[in-house]
Amino acid sequence: MTVIVIQHVPHEPPGTIADALTAAGTSLQFVKPFAGDRIPPEPGGARGLVVMGGPMGVYEADRHPFLRDELRLLEATLRADLPVLGVCLGSQLLATALGAPVRPSGRQEIGWHRVRLTAEAQRDLLWAGTTRDFVAFHWHGDIFDLPRGAVGLGSSDLTEHQAFRYGRAWGLLFHMEITRAIVQG
């Protein structure tokens, strides 16, 4: 089984996400727009999609045209009912694909901050059995509204929507992929 992983910048790799997927026997097909890779229009034979973070905003498609292509790929993957995981910018792109507005929050949430999971998260495929709150790495200034039909799964002191699920798609504004090697970069 292959999963497409979109990595926007060299210093934001999929870290623990890649570790978990490869440990489960999943092959990763990296697409790196920063290296000139083209975003596929559809998932093709891939069985899922992971969209990582990056310093650009979803509303900056004029400066980063590949963001439009990513939105089309996200929409096609959602239509195909394949699993999606969006991290930071990836969660903002997922929210946009689902019709929710994304905007600057007017402040930065950077560093290690507590995430509190909702009661719904305790019944979620991805989060069931985990602790109700934990400290995660954050590096964002943009926020989004909860997409219509989505289930809110987590929040922080500064950001109401840190995690959500829509069908088989999850958006995480925080960075669960962080490893010691990524931090030491």
# chains A, B, ... in the order shown; residues from 1 in each chain; ligands from 1
$ residues_around --residues "A:Ala100" --least-positions-apart "6" --cutoff "12 Å" --atoms "only C-alpha atoms" --output "list in words"
Val58, Ser91, Gln92, Leu93, Leu94, Ile143, Phe144, Asp145, Leu146, Pro147, Arg148, Gly149, Ala150, His161 and Tyr166 of chain A
$ residues_around --residues "stretch 114-117 of chain A" --least-positions-apart "3" --cutoff "8 Å" --atoms "only C-alpha atoms" --output "ChimeraX atom specification"
/A:120-122,132-136,153-157,162
$ select_by_dssp --residues "stretch 30-84 of chain A" --states "alpha helix (DSSP H)" --output "PyMOL selection string"
chain A and resi 66-79
$ atom_distance --atom1 "atom CA of A:Leu98" --atom2 "atom CA of A:Met176"
22.0 Å
$ select_by_dssp --residues "stretch 13-116 of chain A" --states "strand (DSSP E or B)" --output "JSON, numbers by chain"
{"A": [27, 28, 29, 30, 31, 49, 50, 51, 84, 85, 86, 87, 102, 103, 104, 105, 106, 107, 108, 109, 110, 111, 112, 113, 114, 115, 116]}
$ residues_around --residues "A:Ala80" --least-positions-apart "6" --cutoff "12 Å" --atoms "only C-alpha atoms" --output "ChimeraX atom specification"
/A:42-49,73-74,167-169
$ closest_residue --among "A:Glu70, A:Pro40, A:Leu85, A:His138" --to "A:Leu21" --atoms "only C-alpha atoms"
A:Leu85
$ residues_around --residues "A:Ile110" --least-positions-apart "4" --cutoff "10 Å" --atoms "only C-alpha atoms" --output "PyMOL selection string"
chain A and resi 137-141+174
$ write_last_selection --atoms "C-alpha atoms" --output "PDB file, in the first residue's frame"
ATOM      1  CA  PHE A 137       4.833  21.391  19.355  1.00  0.00           C
ATOM      2  CA  HIS A 138       3.091  24.348  17.665  1.00  0.00           C
ATOM      3  CA  TRP A 139       4.298  26.744  14.985  1.00  0.00           C
ATOM      4  CA  HIS A 140       1.437  28.632  13.412  1.00  0.00           C
ATOM      5  CA  GLY A 141      -0.237  31.997  13.183  1.00  0.00           C
ATOM      6  CA  PHE A 174      -0.131  21.109  15.999  1.00  0.00           C
TER       7      PHE A 174
END
